[in-house]
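Peer 1: One structure coming up, written as structure tokens, with questions to follow.
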Amino acid sequence: MAYNFSTKLESWIEQREISRKDLIALLQCEYYDIFDGLDLITLSRWINGKSSPPLYKQLYIAKVLGVNITDIIKEVDVSEQKSSNKAMTAVNLLSKALDFSISSFSYFKLPEHVISEVSEIRGSEYQNVFGEFNSNISCLSEFNKLLSTKDLLYTALLLKNDDGLIVGHWSGISNILPLNDSLHFLNLDKEGVKKSALVMPGYYANSKHYFELIVVAICYYLLKFSSEKDYVYFFIADFQPMLSFCKVVFEAKEVKYYRSSDNKMGMYLMKFNIIKAISNPVILKDVQKKLQCLFNCDDKCNQCNLRVFLK
């Protein structure tokens with residue numbers, strides 16, 4: 001059955017046994033910046049199908065009402081979601097920059113289709129896998145020293161070729177409380193810490209691998225953290241096509257800059273609204289395709305291991 005927001009919204013309200021007035025109060029209490037100005041007239045129009053909010057607001061409503069947003073993303077008609085010309089320009093510029101740079105060269109075979117692997121690892125294992133890579137990012141040397149003093153649980157997202165060699169990666173930290181209020185990170189309030197995660201700098205040889213990392217990371221979030229995390233802080237290299245892409249497509253905000261003392265490239269720490277990022281048409285189609293593949297998988301394709309995170 002095709003996804004219809006007005007029908008779904010009416011059903012969610014009935015199941016929750018909540019009045020329209022109370023729903024508005026609940027939405028504004030949880031996400032005031034998203035639903036500031038929402039009134040009974042607008043809500044009634046959404047329920048009657050006379051108008052619809054943007055997809056990201058639909059996902060927020062579902063989240064507040066305890067609905068699994070993964071189910072919505074699997075069902076939504078992606079053809080109705082259109083990317084702006086500005087967003088597509090940013091995507092094309094980034095793709096060209098990644099595909100026509102020296103980083104596209106490698107000692108390893110770079111396959112057309114990579115195998116993705118997500119796992120959770122702790123400090124010593126994290127250093128074994130990512131320590132040498134991170135040590136090359138001079139502007140984050142003090143931050144990496146901070147990491148080495150903490151017993152943290154990391155998420156490792158690896159892209160591998162057919163020989164099992166790593167050709168791309170990201171790594172992240174879901175519990176950032178041990179890093180909070182540090183000179184080398186941020187000072188967030190209690191709620192901000194609870195609702196946020198951190199992603200470290202990654203590696204990708206071309207645009208195909210970069211977007212694969214994004215899609216797999218989003219699917220992992222949807223399977224494990226969608227009910228508790230709203231924001232992710234991301235280290236982004238001081239590289240104009242990448243910065244423009246993050247700002248235009250994902251509406252990311254700069255929150256901190258890490259300057260290099262040896263005149264090498266610096267890093268921005270940027271804040272992303274995860275739901276807004278997922279809802280962007282640039283990646284929504286690929287996220288939906290990956291989710292549909294995942295839920296229909298017969299365990300024989302061996303292209304990812306995300307099924308282990310299915311509830």
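To be explicit about the labels: the chains of the structure tokens are called A, B, and onward in the order shown, and within each one the residues are counted from 1, while ligands get numbers from 1 in the order they are shown.
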Which residues, written as JSON, numbers by chain, have at least one atom at most 12 Å from segment 256-260 of chain A, with only C-alpha atoms counted and residues fewer than 4 positions away on the same chain left out?

Peer 2: {"A": [136, 137, 138, 139, 140, 141, 142, 143, 183, 184, 185, 186, 187, 233, 234, 235, 236, 237, 238, 264, 265, 266, 267, 268, 269, 270, 271]}

Peer 1: Produce a file of the selected residues containing C-alpha atoms, as a PDB file, in the first residue's frame.

Peer 2:
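Contents of selection-v5.pdb, freshly written:
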ATOM      1  CA  ASN A 136      48.248  12.030   9.628  1.00  0.00           C
ATOM      2  CA  ILE A 137      45.623  14.689  10.448  1.00  0.00           C
ATOM      3  CA  SER A 138      47.867  17.173  12.250  1.00  0.00           C
ATOM      4  CA  CYS A 139      45.120  19.676  13.077  1.00  0.00           C
ATOM      5  CA  LEU A 140      43.377  17.025  15.229  1.00  0.00           C
ATOM      6  CA  SER A 141      46.464  15.852  17.112  1.00  0.00           C
ATOM      7  CA  GLU A 142      45.250  17.257  20.447  1.00  0.00           C
ATOM      8  CA  PHE A 143      41.761  15.885  19.917  1.00  0.00           C
ATOM      9  CA  LEU A 183      38.939  22.228  25.530  1.00  0.00           C
ATOM     10  CA  HIS A 184      39.398  20.157  22.379  1.00  0.00           C
ATOM     11  CA  PHE A 185      35.713  19.428  21.737  1.00  0.00           C
ATOM     12  CA  LEU A 186      32.525  21.254  22.738  1.00  0.00           C
ATOM     13  CA  ASN A 187      30.483  22.234  25.760  1.00  0.00           C
ATOM     14  CA  TYR A 233      28.820  16.377  14.735  1.00  0.00           C
ATOM     15  CA  PHE A 234      31.049  15.701  11.773  1.00  0.00           C
ATOM     16  CA  PHE A 235      34.689  16.525  11.078  1.00  0.00           C
ATOM     17  CA  ILE A 236      34.840  17.981   7.557  1.00  0.00           C
ATOM     18  CA  ALA A 237      38.089  18.904   5.806  1.00  0.00           C
ATOM     19  CA  ASP A 238      38.606  22.558   4.852  1.00  0.00           C
ATOM     20  CA  LYS A 264      48.333  21.669   6.336  1.00  0.00           C
ATOM     21  CA  MET A 265      44.597  21.460   5.749  1.00  0.00           C
ATOM     22  CA  GLY A 266      42.403  22.328   8.730  1.00  0.00           C
ATOM     23  CA  MET A 267      39.138  20.746   9.821  1.00  0.00           C
ATOM     24  CA  TYR A 268      35.681  22.101  10.524  1.00  0.00           C
ATOM     25  CA  LEU A 269      33.437  20.489  13.111  1.00  0.00           C
ATOM     26  CA  MET A 270      29.945  20.755  11.635  1.00  0.00           C
ATOM     27  CA  LYS A 271      26.538  20.001  13.107  1.00  0.00           C
TER      28      LYS A 271
END

Peer 1: Just list the residues in segment 47-269 of chain A DSSP gives alpha helix (DSSP H) on the backbone, as a ChimeraX atom specification.

Peer 2: /A:47-48,55-64,69-75,85-99,123-135,141-148,190-194,207-224,240-250

Peer 1: Find the distance between atom CA of Ser51 of chain A and atom CA of Lys229 of chain A and write it in Å to one decimal.

Peer 2: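 Atom-to-atom, atom CA of Ser51 of chain A to atom CA of Lys229 of chain A, that is 28.3 Å.
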
Peer 1: Separation of atom CA of Lys195 of chain A and atom CA of Lys8 of chain A, in Å?

Peer 2: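 According to the coordinates, atom CA of Lys195 of chain A and atom CA of Lys8 of chain A are separated by 26.0 Å.
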
Peer 1: Could you name the residues that touch Tyr60 of chain A at 10 Å or less, counting only C-alpha atoms, but leaving out those on the same chain fewer than 4 positions away, as JSON, numbers by chain?

Peer 2: {"A": [27, 30, 31, 34, 35, 55, 56, 64, 65, 66, 67, 69, 230, 275, 276]}

Peer 1: Please, could you write that set of residues out with all heavy atoms as a short mmCIF file (atom, residue, chain, number, x, y, z; two decimals), in the first residue's frame?

Peer 2:
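Output below, filename out-v9.cif:
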data_model
loop_
_atom_site.label_atom_id
_atom_site.label_comp_id
_atom_site.auth_asym_id
_atom_site.auth_seq_id
_atom_site.Cartn_x
_atom_site.Cartn_y
_atom_site.Cartn_z
N LEU A 27 4.57 18.04 20.08
CA LEU A 27 5.55 18.33 19.03
C LEU A 27 6.40 19.55 19.38
O LEU A 27 7.62 19.56 19.20
CB LEU A 27 4.85 18.54 17.69
CG LEU A 27 4.17 17.32 17.07
CD1 LEU A 27 3.34 17.72 15.86
CD2 LEU A 27 5.20 16.27 16.68
N GLU A 30 8.88 18.77 22.22
CA GLU A 30 10.03 17.96 21.81
C GLU A 30 10.93 18.68 20.82
O GLU A 30 12.16 18.62 20.91
CB GLU A 30 9.54 16.64 21.20
CG GLU A 30 8.89 15.70 22.19
CD GLU A 30 9.90 15.07 23.14
OE1 GLU A 30 11.07 14.91 22.76
OE2 GLU A 30 9.50 14.76 24.28
N TYR A 31 10.31 19.36 19.84
CA TYR A 31 11.08 19.99 18.76
C TYR A 31 10.48 21.35 18.42
O TYR A 31 9.89 21.55 17.36
CB TYR A 31 11.08 19.10 17.51
CG TYR A 31 11.72 17.75 17.74
CD1 TYR A 31 10.94 16.60 17.85
CD2 TYR A 31 13.10 17.62 17.86
CE1 TYR A 31 11.52 15.36 18.08
CE2 TYR A 31 13.69 16.39 18.09
CZ TYR A 31 12.90 15.27 18.19
OH TYR A 31 13.48 14.04 18.42
N ILE A 34 11.35 23.10 15.17
CA ILE A 34 10.76 22.51 13.96
C ILE A 34 9.28 22.87 13.83
O ILE A 34 8.78 23.14 12.73
CB ILE A 34 10.91 20.97 13.97
CG1 ILE A 34 12.38 20.58 14.09
CG2 ILE A 34 10.28 20.35 12.73
CD1 ILE A 34 13.23 20.95 12.90
N PHE A 35 8.56 22.89 14.96
CA PHE A 35 7.11 23.05 14.91
C PHE A 35 6.62 24.37 15.51
O PHE A 35 5.43 24.50 15.81
CB PHE A 35 6.44 21.86 15.61
CG PHE A 35 6.67 20.55 14.90
CD1 PHE A 35 7.62 19.64 15.37
CD2 PHE A 35 5.97 20.25 13.75
CE1 PHE A 35 7.84 18.45 14.71
CE2 PHE A 35 6.19 19.05 13.08
CZ PHE A 35 7.13 18.15 13.55
N LEU A 55 8.90 16.33 4.12
CA LEU A 55 9.12 14.98 4.58
C LEU A 55 9.81 14.94 5.94
O LEU A 55 9.47 14.11 6.79
CB LEU A 55 9.94 14.19 3.56
CG LEU A 55 10.27 12.74 3.93
CD1 LEU A 55 8.99 11.93 4.15
CD2 LEU A 55 11.13 12.09 2.86
N TYR A 56 10.76 15.82 6.17
CA TYR A 56 11.47 15.77 7.44
C TYR A 56 10.53 16.03 8.62
O TYR A 56 10.69 15.45 9.70
CB TYR A 56 12.67 16.73 7.46
CG TYR A 56 12.37 18.19 7.64
CD1 TYR A 56 12.31 18.75 8.92
CD2 TYR A 56 12.16 19.04 6.55
CE1 TYR A 56 12.04 20.10 9.10
CE2 TYR A 56 11.90 20.38 6.73
CZ TYR A 56 11.85 20.91 7.99
OH TYR A 56 11.58 22.26 8.17
N VAL A 64 8.05 11.33 17.24
CA VAL A 64 7.44 11.77 18.50
C VAL A 64 6.31 10.83 18.91
O VAL A 64 6.11 10.57 20.11
CB VAL A 64 6.93 13.22 18.38
CG1 VAL A 64 6.07 13.59 19.57
CG2 VAL A 64 8.11 14.19 18.28
N LEU A 65 5.59 10.29 17.93
CA LEU A 65 4.46 9.42 18.22
C LEU A 65 4.88 7.94 18.33
O LEU A 65 4.02 7.06 18.44
CB LEU A 65 3.39 9.57 17.14
CG LEU A 65 2.67 10.93 17.15
CD1 LEU A 65 1.69 11.03 15.99
CD2 LEU A 65 1.95 11.16 18.48
N GLY A 66 6.18 7.69 18.33
CA GLY A 66 6.68 6.34 18.54
C GLY A 66 6.59 5.44 17.34
O GLY A 66 6.62 4.20 17.47
N VAL A 67 6.50 6.03 16.15
CA VAL A 67 6.43 5.25 14.91
C VAL A 67 7.85 5.05 14.37
O VAL A 67 8.67 5.97 14.40
CB VAL A 67 5.57 5.98 13.85
CG1 VAL A 67 5.56 5.21 12.54
CG2 VAL A 67 4.15 6.17 14.37
N ILE A 69 10.50 5.29 11.91
CA ILE A 69 10.64 6.09 10.70
C ILE A 69 11.25 5.30 9.55
O ILE A 69 11.13 5.69 8.39
CB ILE A 69 11.45 7.38 10.96
CG1 ILE A 69 12.89 7.06 11.36
CG2 ILE A 69 10.77 8.23 12.01
CD1 ILE A 69 13.75 8.31 11.48
N ASP A 230 19.37 12.84 17.36
CA ASP A 230 18.85 13.82 16.41
C ASP A 230 19.94 14.55 15.64
O ASP A 230 19.69 15.06 14.55
CB ASP A 230 18.00 14.87 17.14
CG ASP A 230 16.68 14.31 17.65
OD1 ASP A 230 16.06 13.53 16.90
OD2 ASP A 230 16.28 14.64 18.78
N ILE A 275 17.66 13.95 10.68
CA ILE A 275 16.38 13.74 9.98
C ILE A 275 16.32 14.58 8.70
O ILE A 275 15.87 14.10 7.65
CB ILE A 275 15.19 14.08 10.90
CG1 ILE A 275 15.16 13.14 12.11
CG2 ILE A 275 13.87 13.99 10.13
CD1 ILE A 275 14.92 11.71 11.78
N LYS A 276 16.77 15.82 8.77
CA LYS A 276 16.78 16.67 7.57
C LYS A 276 17.71 16.09 6.51
O LYS A 276 17.41 16.13 5.31
CB LYS A 276 17.19 18.10 7.92
CG LYS A 276 16.08 18.92 8.55
CD LYS A 276 16.47 20.39 8.63
CE LYS A 276 15.31 21.24 9.14
NZ LYS A 276 15.66 22.69 9.19
#

Peer 1: Please build the interface table for segment 156-263 of chain A against segment 91-114 of chain A with a cut-off of 8 Å, listing for each qualifying residue the nearest atom pair and the distance in Å to one decimal; count only C-alpha atoms, order rows by chain and increasing number, and write it as CSV.

Peer 2:
residue,atom,partner,partner_atom,distance
A:Leu159,CA,A:Val114,CA,6.0
A:Lys160,CA,A:Val114,CA,5.7
A:Asn161,CA,A:Val114,CA,5.5
A:Asp162,CA,A:Pro111,CA,7.5
A:Leu165,CA,A:Phe108,CA,7.4
A:Val167,CA,A:Leu110,CA,6.9
A:Tyr204,CA,A:Ser103,CA,7.8
A:Ala205,CA,A:Ser104,CA,4.7
A:Asn206,CA,A:Asp99,CA,4.9
A:Ser207,CA,A:Ser95,CA,5.1
A:His209,CA,A:Val114,CA,7.7
A:Pro241,CA,A:Leu94,CA,5.0
A:Met242,CA,A:Leu94,CA,6.0
A:Phe245,CA,A:Val91,CA,6.2
A:Val249,CA,A:Val91,CA,7.9

Peer 1: Rounded to one decimal in Å, what is the spacing between atom CA of Ala2 of chain A and atom CA of Cys297 of chain A?

Peer 2: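 Calculated distance between atom CA of Ala2 of chain A and atom CA of Cys297 of chain A is 21.3 Å.
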
Peer 1: I need the residues in segment 135-193 of chain A that are strand (DSSP E) according to DSSP; give them as a ChimeraX atom specification.

Peer 2: /A:153-160,166-173
